[in-house]
Amino acid sequence: MKKLKIILGLSLIIILIFNLNNKSKYNDSATYIEGIIDKYKFDGSKLSLEVLGKERIVCNYYFDTIEEKEAFKKKIKYGQTIYLEGKINIPNENTNFKLFNYRKYLLSKKIYYVFNIEKIEIKNNINLLYKIKNHLVKKLDKLNSPYLYAFILGDTNYIEEDIKESFQNNGISHLLAISGMHITFLFNGLYNLLNKIKKRKTNIIIVTILLFIYLFLVGFSTSSIRAGTMFIILKIKKIKPYKLLLTIFFLFLIYNPYLIFSQSFLLSFVVTFYLIIFKDLIKGNYFKKTLMTSLIAFIAGTPIIIYNYNSINLLSILLNLLFVPLISYIIFPLSFLSLLFNLKKTYTFFINIFEKTSLLFEKISLSLTLKDISIFILIYTILGIFVLIKLTRNKRKYLILYFIIFIIHSNLFNFSLNLTMLDVGQGDAILIEFPFNRGNVLIDTGGKEYFEEWKKPKYSISKSITIPYMKKKGIKELEYLIISHGDYDHMGEAINLINNFKVKEVIFNCNSYNDLENNLISLLNNKKIKYKKCIKNIDKYGFKFLDTESYSNENDSSNIIYFNYKNVQFLFMGDASYKREKDIIKKYNLKNIDFLKVGHHGSASSSNRLFINSINPKNSLISVGRNNMYGHPKEKVLDILKNSNIYRTDLNGSIEIKVNKKGYKIRSCLS
């Protein structure tokens, strides 16, 4: 134990020293990249590459035509030498509070820069290992099954998004990752087979070489390296598994301290640590062993899952009893057999069972949604494992105590009114949370329209920003979704939102329904969700919809909402123009507005000087996309608003306003 403590202490010192000198080999002025294509992915009009140059770097290219994209698909291969011209950039931080941080994610992969490609040149001088991988990919392309890519190469990009979401919601997405289960099945079987043929020390060398090739093929993921390293070392030498695990853990962190930001890294080590420590509880028949393994893994992974997704499916313990045997003993072995024999019908049969069962259970999931926890609570719960194990002999009581501690430290209550203008690019989405869980309202959803279907990426604002943010806030449902008007940048994500989140009622404006609104209404009717149009107020929350007259265009027909809470006044202008603003100041006596949601993203058609001088806003909120094609917000508008404090999502990221009896506080994500 003393030796282990010394090793761990020295590791921490080395990590700190290494972190101080952990710098990129590129600089901000790089315009040329040369390297080897290690990974690539097509998504809509975008090609993403991971290139091994001076160091690993992400490179992005956008196709102008579908013909260019299809031609590139035919010629690109792993291991090709690539020459790129373009511009290098530091990866973006998250621009919405507590959501996915792309920069930290790339740092966890030891990637410091993103390179935007303007010109590409490729040469086919490919080494042996990449030739093997390309041959395997060609074979998988012919077999045409997304799950073969997942279970053989660890690539889940080909699986449909709604299916992957069902796996995640059911708590079984870990079964798709190349982990200890896969490594043990493949290489323990191979090792035992070699020993039956002839017991020789060289068998472990053969297995090690083949394991290295396999790890290369699956992209050296942290879980596969951890599992592979432990497998080989435990075959060579008797050592306590938890000591080996901790040693590998710190070696990883010495190599890259930013791995601490990787969810897959933490899950792999924490869950494995738990299973090793509590192995004496895993006994009895197969059913009992599987149930206890699932329970321990569930408790071990809960703080990490909650930290990243803010919800946990309580049924996942039982679902793993069903899916682990299906994957371990049927689908995973069949994946490799399918490479050798024509098993498409059999393989498809079991894959269909896997998918349909997952989609079925997703509908009846027992999901628990909790508010965001801090990184300190996450570290506290994980590090508390070893301490509490030392303090108690009754490990069953510890498992219960651990879960109680986690729940107690989760913030389940909200005592202020919170308003957040989310950064959804060139569009609007404003979330209002009322104190003491009195309800939540979303004004608009954001949305980006793609006029050519092939350019549309898998990414969506609702699934990547709106819904994850609401889960971070512990929100399970919306009382109201208010659509200011029927333009795509204000309601384009409404269908996605309602398909993936509970909404009680939808409010439309006074104008006639357009095609986008009619499509949404069809969904609302199917789901039996209430909707209204042209309302005057929402008494429960004190919302007043400012009524003037009928307008022929969608922008001027925007729902304009006045809201007063604790004597703090809010005015939401949608995309209304000068004409509507003029009518408002004629009919309503609005003075000294505390927060103005500026109309039409700062367009020159809105925010007339007469209107702004009349309402005299203290703070102006502009929801606008970075480097947008419209040039919003216009300098003229910014000049008119100069006497107020201006907050812009393109510069400040999302903006949060907290209101209580003491007044209000403002903070922005990028300040």
# chains A, B, ... in the order shown; residues from 1 in each chain; ligands from 1
$ select_by_dssp --residues "region 617-668 of chain A" --states "strand (DSSP E)" --output "NGL selection string"
:A and (619-622 or 645-648 or 655-660 or 663-668)
$ residues_around --residues "region 53-62 of chain A" --least-positions-apart "6" --cutoff "7 Å" --atoms "only C-alpha atoms" --output "PyMOL selection string"
chain A and resi 25+33-36+45-47+111-117
$ select_by_dssp --residues "region 476-614 of chain A" --states "alpha helix (DSSP H)" --output "short mmCIF file (atom, residue, chain, number, x, y, z; two decimals) with all heavy atoms, in the first residue's frame"
data_model
loop_
_atom_site.label_atom_id
_atom_site.label_comp_id
_atom_site.auth_asym_id
_atom_site.auth_seq_id
_atom_site.Cartn_x
_atom_site.Cartn_y
_atom_site.Cartn_z
N TYR A 488 -38.84 30.15 -39.75
CA TYR A 488 -38.06 28.98 -39.38
C TYR A 488 -37.09 29.26 -38.24
O TYR A 488 -36.88 28.41 -37.37
CB TYR A 488 -37.29 28.45 -40.60
CG TYR A 488 -36.98 26.98 -40.50
CD1 TYR A 488 -37.82 26.03 -41.09
CD2 TYR A 488 -35.86 26.53 -39.82
CE1 TYR A 488 -37.55 24.68 -41.00
CE2 TYR A 488 -35.58 25.18 -39.72
CZ TYR A 488 -36.42 24.26 -40.30
OH TYR A 488 -36.15 22.91 -40.19
N ASP A 489 -36.48 30.44 -38.21
CA ASP A 489 -35.49 30.73 -37.17
C ASP A 489 -36.12 30.94 -35.80
O ASP A 489 -35.42 31.07 -34.80
CB ASP A 489 -34.62 31.93 -37.56
CG ASP A 489 -35.43 33.19 -37.80
OD1 ASP A 489 -36.61 33.09 -38.15
OD2 ASP A 489 -34.87 34.30 -37.63
N HIS A 490 -37.46 30.96 -35.75
CA HIS A 490 -38.17 31.11 -34.47
C HIS A 490 -38.92 29.84 -34.08
O HIS A 490 -39.14 29.62 -32.88
CB HIS A 490 -39.14 32.29 -34.53
CG HIS A 490 -38.46 33.61 -34.52
ND1 HIS A 490 -38.39 34.42 -33.41
CD2 HIS A 490 -37.77 34.27 -35.50
CE1 HIS A 490 -37.70 35.52 -33.70
NE2 HIS A 490 -37.31 35.44 -34.97
N MET A 491 -39.31 29.01 -35.03
CA MET A 491 -40.09 27.82 -34.68
C MET A 491 -39.63 26.56 -35.43
O MET A 491 -40.29 25.53 -35.39
CB MET A 491 -41.57 28.04 -34.93
CG MET A 491 -41.97 28.23 -36.37
SD MET A 491 -43.76 27.97 -36.64
CE MET A 491 -43.95 26.23 -36.29
N ALA A 494 -39.54 23.33 -33.39
CA ALA A 494 -40.72 23.01 -32.57
C ALA A 494 -41.10 21.54 -32.67
O ALA A 494 -41.43 20.90 -31.66
CB ALA A 494 -41.89 23.90 -32.97
N ILE A 495 -41.08 20.98 -33.87
CA ILE A 495 -41.45 19.57 -34.04
C ILE A 495 -40.46 18.66 -33.32
O ILE A 495 -40.85 17.72 -32.61
CB ILE A 495 -41.56 19.23 -35.54
CG1 ILE A 495 -42.81 19.89 -36.13
CG2 ILE A 495 -41.60 17.72 -35.76
CD1 ILE A 495 -42.99 19.70 -37.61
N ASN A 496 -39.16 18.93 -33.51
CA ASN A 496 -38.14 18.15 -32.79
C ASN A 496 -38.34 18.24 -31.29
O ASN A 496 -38.23 17.25 -30.56
CB ASN A 496 -36.74 18.68 -33.14
CG ASN A 496 -36.05 17.84 -34.19
OD1 ASN A 496 -36.43 16.70 -34.43
ND2 ASN A 496 -35.06 18.41 -34.84
N LEU A 497 -38.61 19.44 -30.81
CA LEU A 497 -38.78 19.67 -29.37
C LEU A 497 -39.95 18.86 -28.83
O LEU A 497 -39.83 18.17 -27.82
CB LEU A 497 -38.98 21.16 -29.11
CG LEU A 497 -39.17 21.58 -27.65
CD1 LEU A 497 -37.87 21.45 -26.88
CD2 LEU A 497 -39.68 23.00 -27.56
N ILE A 498 -41.08 18.94 -29.50
CA ILE A 498 -42.29 18.27 -29.01
C ILE A 498 -42.18 16.75 -29.14
O ILE A 498 -42.76 16.01 -28.35
CB ILE A 498 -43.53 18.83 -29.74
CG1 ILE A 498 -43.79 20.25 -29.21
CG2 ILE A 498 -44.76 17.95 -29.55
CD1 ILE A 498 -44.81 21.04 -29.98
N ASN A 499 -41.41 16.29 -30.12
CA ASN A 499 -41.20 14.84 -30.26
C ASN A 499 -40.28 14.28 -29.18
O ASN A 499 -40.25 13.07 -28.96
CB ASN A 499 -40.61 14.51 -31.63
CG ASN A 499 -41.68 14.37 -32.70
OD1 ASN A 499 -42.79 13.94 -32.41
ND2 ASN A 499 -41.35 14.74 -33.93
N ASN A 500 -39.53 15.16 -28.53
CA ASN A 500 -38.52 14.69 -27.57
C ASN A 500 -38.66 15.28 -26.18
O ASN A 500 -37.83 15.00 -25.32
CB ASN A 500 -37.12 15.01 -28.10
CG ASN A 500 -36.77 14.21 -29.34
OD1 ASN A 500 -36.34 13.08 -29.24
ND2 ASN A 500 -36.99 14.80 -30.50
N ASP A 515 -47.28 26.97 -43.76
CA ASP A 515 -47.01 25.53 -43.89
C ASP A 515 -46.28 24.98 -42.68
O ASP A 515 -46.56 23.87 -42.21
CB ASP A 515 -46.20 25.26 -45.16
CG ASP A 515 -47.01 25.47 -46.43
OD1 ASP A 515 -48.26 25.50 -46.33
OD2 ASP A 515 -46.41 25.63 -47.51
N LEU A 516 -45.31 25.74 -42.18
CA LEU A 516 -44.53 25.29 -41.03
C LEU A 516 -45.42 25.13 -39.80
O LEU A 516 -45.32 24.14 -39.06
CB LEU A 516 -43.41 26.31 -40.75
CG LEU A 516 -42.25 25.87 -39.86
CD1 LEU A 516 -41.57 24.63 -40.39
CD2 LEU A 516 -41.25 27.01 -39.71
N GLU A 517 -46.32 26.09 -39.61
CA GLU A 517 -47.24 26.03 -38.47
C GLU A 517 -48.25 24.90 -38.65
O GLU A 517 -48.61 24.21 -37.68
CB GLU A 517 -47.94 27.37 -38.31
CG GLU A 517 -47.02 28.47 -37.80
CD GLU A 517 -47.61 29.86 -37.92
OE1 GLU A 517 -48.17 30.17 -38.99
OE2 GLU A 517 -47.51 30.63 -36.95
N ASN A 518 -48.73 24.69 -39.86
CA ASN A 518 -49.68 23.60 -40.11
C ASN A 518 -49.06 22.23 -39.85
O ASN A 518 -49.73 21.32 -39.35
CB ASN A 518 -50.21 23.68 -41.55
CG ASN A 518 -51.30 24.72 -41.71
OD1 ASN A 518 -52.12 24.90 -40.81
ND2 ASN A 518 -51.31 25.42 -42.84
N ASN A 519 -47.78 22.07 -40.20
CA ASN A 519 -47.09 20.81 -39.91
C ASN A 519 -47.00 20.57 -38.41
O ASN A 519 -47.18 19.44 -37.93
CB ASN A 519 -45.68 20.82 -40.51
CG ASN A 519 -45.69 20.74 -42.02
OD1 ASN A 519 -46.66 20.25 -42.61
ND2 ASN A 519 -44.63 21.21 -42.66
N LEU A 520 -46.73 21.65 -37.67
CA LEU A 520 -46.67 21.53 -36.21
C LEU A 520 -48.06 21.19 -35.65
O LEU A 520 -48.17 20.34 -34.75
CB LEU A 520 -46.15 22.83 -35.61
CG LEU A 520 -46.14 22.91 -34.07
CD1 LEU A 520 -45.32 21.78 -33.46
CD2 LEU A 520 -45.61 24.26 -33.61
N ILE A 521 -49.09 21.82 -36.17
CA ILE A 521 -50.46 21.56 -35.68
C ILE A 521 -50.86 20.10 -35.91
O ILE A 521 -51.52 19.49 -35.07
CB ILE A 521 -51.44 22.54 -36.35
CG1 ILE A 521 -51.25 23.95 -35.76
CG2 ILE A 521 -52.89 22.10 -36.15
CD1 ILE A 521 -51.97 25.04 -36.50
N SER A 522 -50.45 19.53 -37.03
CA SER A 522 -50.74 18.11 -37.28
C SER A 522 -50.13 17.23 -36.19
O SER A 522 -50.77 16.28 -35.71
CB SER A 522 -50.18 17.70 -38.65
OG SER A 522 -50.84 18.38 -39.68
N LEU A 523 -48.90 17.55 -35.81
CA LEU A 523 -48.25 16.81 -34.74
C LEU A 523 -48.96 17.01 -33.40
O LEU A 523 -49.17 16.06 -32.64
CB LEU A 523 -46.78 17.24 -34.62
CG LEU A 523 -45.98 16.60 -33.49
CD1 LEU A 523 -45.85 15.09 -33.68
CD2 LEU A 523 -44.58 17.23 -33.39
N LEU A 524 -49.35 18.26 -33.13
CA LEU A 524 -50.05 18.55 -31.87
C LEU A 524 -51.37 17.78 -31.79
O LEU A 524 -51.74 17.27 -30.73
CB LEU A 524 -50.31 20.06 -31.75
CG LEU A 524 -49.08 20.97 -31.69
CD1 LEU A 524 -49.50 22.43 -31.65
CD2 LEU A 524 -48.21 20.64 -30.49
N ASN A 525 -52.07 17.70 -32.90
CA ASN A 525 -53.32 16.94 -32.93
C ASN A 525 -53.08 15.46 -32.68
O ASN A 525 -53.83 14.80 -31.96
CB ASN A 525 -54.04 17.14 -34.26
CG ASN A 525 -54.64 18.54 -34.39
OD1 ASN A 525 -55.04 19.15 -33.40
ND2 ASN A 525 -54.72 19.05 -35.62
N ASN A 526 -52.02 14.92 -33.30
CA ASN A 526 -51.69 13.50 -33.11
C ASN A 526 -51.33 13.19 -31.66
O ASN A 526 -51.68 12.13 -31.14
CB ASN A 526 -50.54 13.10 -34.03
CG ASN A 526 -50.94 13.04 -35.48
OD1 ASN A 526 -52.13 12.87 -35.79
ND2 ASN A 526 -49.99 13.19 -36.39
N LYS A 527 -50.64 14.14 -31.03
CA LYS A 527 -50.21 13.93 -29.64
C LYS A 527 -51.22 14.45 -28.63
O LYS A 527 -50.98 14.37 -27.42
CB LYS A 527 -48.84 14.61 -29.42
CG LYS A 527 -47.68 13.89 -30.08
CD LYS A 527 -46.36 14.57 -29.75
CE LYS A 527 -45.18 13.75 -30.23
NZ LYS A 527 -44.93 12.58 -29.39
N TYR A 578 -40.83 48.58 -37.59
CA TYR A 578 -41.20 49.95 -37.19
C TYR A 578 -42.71 50.13 -37.08
O TYR A 578 -43.22 50.77 -36.16
CB TYR A 578 -40.73 50.96 -38.25
CG TYR A 578 -39.25 51.15 -38.38
CD1 TYR A 578 -38.73 51.81 -39.49
CD2 TYR A 578 -38.36 50.69 -37.41
CE1 TYR A 578 -37.37 52.02 -39.64
CE2 TYR A 578 -37.00 50.89 -37.56
CZ TYR A 578 -36.50 51.55 -38.67
OH TYR A 578 -35.17 51.75 -38.80
N LYS A 579 -43.45 49.54 -38.07
CA LYS A 579 -44.89 49.74 -38.12
C LYS A 579 -45.56 49.25 -36.84
O LYS A 579 -46.41 49.94 -36.26
CB LYS A 579 -45.47 49.02 -39.33
CG LYS A 579 -46.95 49.28 -39.55
CD LYS A 579 -47.44 48.61 -40.83
CE LYS A 579 -48.92 48.91 -41.04
NZ LYS A 579 -49.43 48.26 -42.26
N ARG A 580 -45.20 48.08 -36.39
CA ARG A 580 -45.80 47.52 -35.17
C ARG A 580 -45.32 48.31 -33.94
O ARG A 580 -46.10 48.54 -33.01
CB ARG A 580 -45.40 46.05 -35.03
CG ARG A 580 -46.06 45.31 -33.86
CD ARG A 580 -47.47 44.86 -34.16
NE ARG A 580 -48.13 44.28 -33.00
CZ ARG A 580 -48.07 43.00 -32.66
NH1 ARG A 580 -47.35 42.15 -33.39
NH2 ARG A 580 -48.73 42.55 -31.62
N GLU A 581 -44.06 48.70 -33.93
CA GLU A 581 -43.53 49.49 -32.81
C GLU A 581 -44.31 50.81 -32.66
O GLU A 581 -44.65 51.22 -31.54
CB GLU A 581 -42.04 49.78 -33.03
CG GLU A 581 -41.15 48.55 -32.96
CD GLU A 581 -39.72 48.84 -33.37
OE1 GLU A 581 -39.46 49.96 -33.88
OE2 GLU A 581 -38.86 47.97 -33.18
N LYS A 582 -44.60 51.43 -33.79
CA LYS A 582 -45.34 52.70 -33.78
C LYS A 582 -46.74 52.50 -33.19
O LYS A 582 -47.21 53.31 -32.38
CB LYS A 582 -45.43 53.24 -35.21
CG LYS A 582 -46.11 54.59 -35.33
CD LYS A 582 -46.13 55.03 -36.79
CE LYS A 582 -46.88 56.37 -36.94
NZ LYS A 582 -46.94 56.79 -38.37
N ASP A 583 -47.39 51.41 -33.57
CA ASP A 583 -48.74 51.12 -33.07
C ASP A 583 -48.72 50.82 -31.56
O ASP A 583 -49.67 51.15 -30.84
CB ASP A 583 -49.35 49.94 -33.82
CG ASP A 583 -49.65 50.29 -35.27
OD1 ASP A 583 -49.73 51.50 -35.58
OD2 ASP A 583 -49.79 49.37 -36.09
N ILE A 584 -47.64 50.18 -31.10
CA ILE A 584 -47.53 49.83 -29.68
C ILE A 584 -47.43 51.08 -28.81
O ILE A 584 -48.11 51.21 -27.79
CB ILE A 584 -46.33 48.89 -29.45
CG1 ILE A 584 -46.66 47.49 -29.97
CG2 ILE A 584 -45.96 48.82 -27.96
CD1 ILE A 584 -45.49 46.55 -29.98
N ILE A 585 -46.57 52.03 -29.19
CA ILE A 585 -46.41 53.22 -28.34
C ILE A 585 -47.64 54.13 -28.40
O ILE A 585 -47.86 54.95 -27.52
CB ILE A 585 -45.12 54.01 -28.69
CG1 ILE A 585 -45.10 54.44 -30.15
CG2 ILE A 585 -43.90 53.18 -28.35
CD1 ILE A 585 -43.89 55.29 -30.52
N LYS A 586 -48.46 53.96 -29.46
CA LYS A 586 -49.72 54.70 -29.51
C LYS A 586 -50.73 54.15 -28.52
O LYS A 586 -51.47 54.90 -27.88
CB LYS A 586 -50.31 54.64 -30.93
CG LYS A 586 -49.70 55.60 -31.92
CD LYS A 586 -50.41 55.47 -33.27
CE LYS A 586 -49.80 56.42 -34.30
NZ LYS A 586 -50.49 56.27 -35.61
N LYS A 587 -50.75 52.81 -28.40
CA LYS A 587 -51.80 52.16 -27.61
C LYS A 587 -51.40 51.90 -26.16
O LYS A 587 -52.25 51.88 -25.27
CB LYS A 587 -52.19 50.84 -28.28
CG LYS A 587 -53.39 50.16 -27.63
CD LYS A 587 -53.88 49.00 -28.47
CE LYS A 587 -55.11 48.36 -27.83
NZ LYS A 587 -55.64 47.25 -28.64
N ARG A 609 -35.84 54.73 -33.55
CA ARG A 609 -35.35 55.61 -32.47
C ARG A 609 -36.51 56.15 -31.62
O ARG A 609 -36.41 56.24 -30.40
CB ARG A 609 -34.56 56.77 -33.07
CG ARG A 609 -33.82 57.59 -32.02
CD ARG A 609 -32.99 58.69 -32.66
NE ARG A 609 -31.94 58.17 -33.52
CZ ARG A 609 -30.75 57.80 -33.06
NH1 ARG A 609 -30.48 57.86 -31.76
NH2 ARG A 609 -29.82 57.35 -33.90
N LEU A 610 -37.63 56.48 -32.26
CA LEU A 610 -38.79 56.99 -31.53
C LEU A 610 -39.31 55.95 -30.53
O LEU A 610 -39.62 56.26 -29.38
CB LEU A 610 -39.91 57.36 -32.52
CG LEU A 610 -41.21 57.89 -31.91
CD1 LEU A 610 -40.96 59.24 -31.20
CD2 LEU A 610 -42.28 58.06 -32.99
N PHE A 611 -39.36 54.70 -30.98
CA PHE A 611 -39.83 53.61 -30.13
C PHE A 611 -38.87 53.38 -28.95
O PHE A 611 -39.29 53.28 -27.80
CB PHE A 611 -39.97 52.33 -30.97
CG PHE A 611 -40.30 51.09 -30.17
CD1 PHE A 611 -41.54 50.93 -29.58
CD2 PHE A 611 -39.35 50.08 -30.01
CE1 PHE A 611 -41.84 49.79 -28.85
CE2 PHE A 611 -39.64 48.94 -29.29
CZ PHE A 611 -40.89 48.79 -28.70
N ILE A 612 -37.58 53.31 -29.25
CA ILE A 612 -36.58 53.05 -28.20
C ILE A 612 -36.54 54.20 -27.19
O ILE A 612 -36.48 53.97 -25.98
CB ILE A 612 -35.18 52.83 -28.83
CG1 ILE A 612 -35.18 51.59 -29.72
CG2 ILE A 612 -34.12 52.71 -27.73
CD1 ILE A 612 -35.56 50.30 -29.03
N ASN A 613 -36.62 55.43 -27.67
CA ASN A 613 -36.63 56.57 -26.74
C ASN A 613 -37.88 56.57 -25.88
O ASN A 613 -37.85 57.00 -24.71
CB ASN A 613 -36.54 57.88 -27.52
CG ASN A 613 -35.16 58.10 -28.12
OD1 ASN A 613 -34.20 57.47 -27.71
ND2 ASN A 613 -35.07 58.99 -29.10
N SER A 614 -38.97 56.06 -26.41
CA SER A 614 -40.23 56.03 -25.67
C SER A 614 -40.21 55.00 -24.55
O SER A 614 -40.60 55.28 -23.41
CB SER A 614 -41.40 55.74 -26.62
OG SER A 614 -42.61 55.63 -25.91
#
$ residues_around --residues "Leu315 (chain A)" --least-positions-apart "3" --cutoff "7 Å" --atoms "only C-alpha atoms" --output "VMD selection string"
chain A and resid 318 to 319 365 to 366
$ residues_around --residues "region 166-182 of chain A" --least-positions-apart "4" --cutoff "6 Å" --atoms "only C-alpha atoms" --output "list in words"
Gly154, Ser223, Ser224, Ala227, Ser316, Leu359 and Glu362 of chain A
$ write_last_selection --atoms "C-alpha atoms" --output "PDB file, in the first residue's frame"
ATOM      1  CA  GLY A 154     -16.235   1.011 -32.666  1.00  0.00           C
ATOM      2  CA  SER A 223     -11.799   2.089 -22.820  1.00  0.00           C
ATOM      3  CA  SER A 224     -10.239  -0.347 -25.308  1.00  0.00           C
ATOM      4  CA  ALA A 227      -9.228  -3.176 -21.185  1.00  0.00           C
ATOM      5  CA  SER A 316     -31.564   0.520 -17.008  1.00  0.00           C
ATOM      6  CA  LEU A 359     -37.510   1.716 -28.823  1.00  0.00           C
ATOM      7  CA  GLU A 362     -37.797   3.960 -24.278  1.00  0.00           C
TER       8      GLU A 362
END
$ closest_residue --among "A:Ile296, A:Phe545, A:Tyr255, A:Gly44" --to "Pro457 (chain A)" --atoms "only C-alpha atoms"
A:Gly44
$ closest_residue --among "A:Phe100, A:Val441, A:Lys344, A:Cys534" --to "Leu140 (chain A)" --atoms "only C-alpha atoms"
A:Lys344
$ atom_distance --atom1 "CA of Lys110 (chain A)" --atom2 "CA of Tyr258 (chain A)"
7.5 Å
$ residues_around --residues "Met230 (chain A)" --least-positions-apart "2" --cutoff "8 Å" --atoms "only C-alpha atoms" --output "list in words"
Arg226, Ala227, Gly228, Ile232, Ile233, Leu234, Pro241, Leu244 and Leu245 of chain A
$ write_last_selection --atoms "N, CA and C atoms" --output "JSON list (two decimals), in the first residue's frame"
[["chain", "number", "residue", "atom", "x", "y", "z"],
["A", 226, "ARG", "N", -7.53, 0.64, -21.99],
["A", 226, "ARG", "CA", -7.60, 0.21, -20.59],
["A", 226, "ARG", "C", -7.87, -1.29, -20.49],
["A", 227, "ALA", "N", -8.86, -1.76, -21.23],
["A", 227, "ALA", "CA", -9.23, -3.18, -21.19],
["A", 227, "ALA", "C", -8.11, -4.05, -21.75],
["A", 228, "GLY", "N", -7.52, -3.63, -22.87],
["A", 228, "GLY", "CA", -6.45, -4.42, -23.49],
["A", 228, "GLY", "C", -5.21, -4.51, -22.63],
["A", 232, "ILE", "N", -3.63, -8.06, -20.94],
["A", 232, "ILE", "CA", -2.28, -8.59, -21.20],
["A", 232, "ILE", "C", -1.48, -8.69, -19.91],
["A", 233, "ILE", "N", -1.47, -7.61, -19.10],
["A", 233, "ILE", "CA", -0.65, -7.61, -17.88],
["A", 233, "ILE", "C", -1.12, -8.68, -16.90],
["A", 234, "LEU", "N", -2.43, -8.84, -16.75],
["A", 234, "LEU", "CA", -2.95, -9.84, -15.82],
["A", 234, "LEU", "C", -2.67, -11.26, -16.30],
["A", 241, "PRO", "N", -5.91, -6.32, -9.29],
["A", 241, "PRO", "CA", -6.50, -5.57, -10.40],
["A", 241, "PRO", "C", -6.73, -4.09, -10.11],
["A", 244, "LEU", "N", -3.51, -2.18, -10.50],
["A", 244, "LEU", "CA", -3.19, -2.05, -11.92],
["A", 244, "LEU", "C", -4.07, -0.98, -12.56],
["A", 245, "LEU", "N", -5.36, -1.00, -12.22],
["A", 245, "LEU", "CA", -6.30, -0.04, -12.78],
["A", 245, "LEU", "C", -5.90, 1.39, -12.42]]
$ closest_residue --among "A:Tyr469, A:Phe42, A:Tyr307, A:Phe336" --to "Phe261 (chain A)" --atoms "only C-alpha atoms"
A:Tyr307
$ closest_residue --among "A:Ile122, A:Ile276, A:Leu107, A:Ile248" --to "Tyr83 (chain A)" --atoms "only C-alpha atoms"
A:Ile122
$ residues_around --residues "Phe543 (chain A)" --least-positions-apart "2" --cutoff "12 Å" --atoms "only C-alpha atoms" --output "PyMOL selection string"
chain A and resi 432+441+443+480+482+535-541+545-546+559-565+569-572
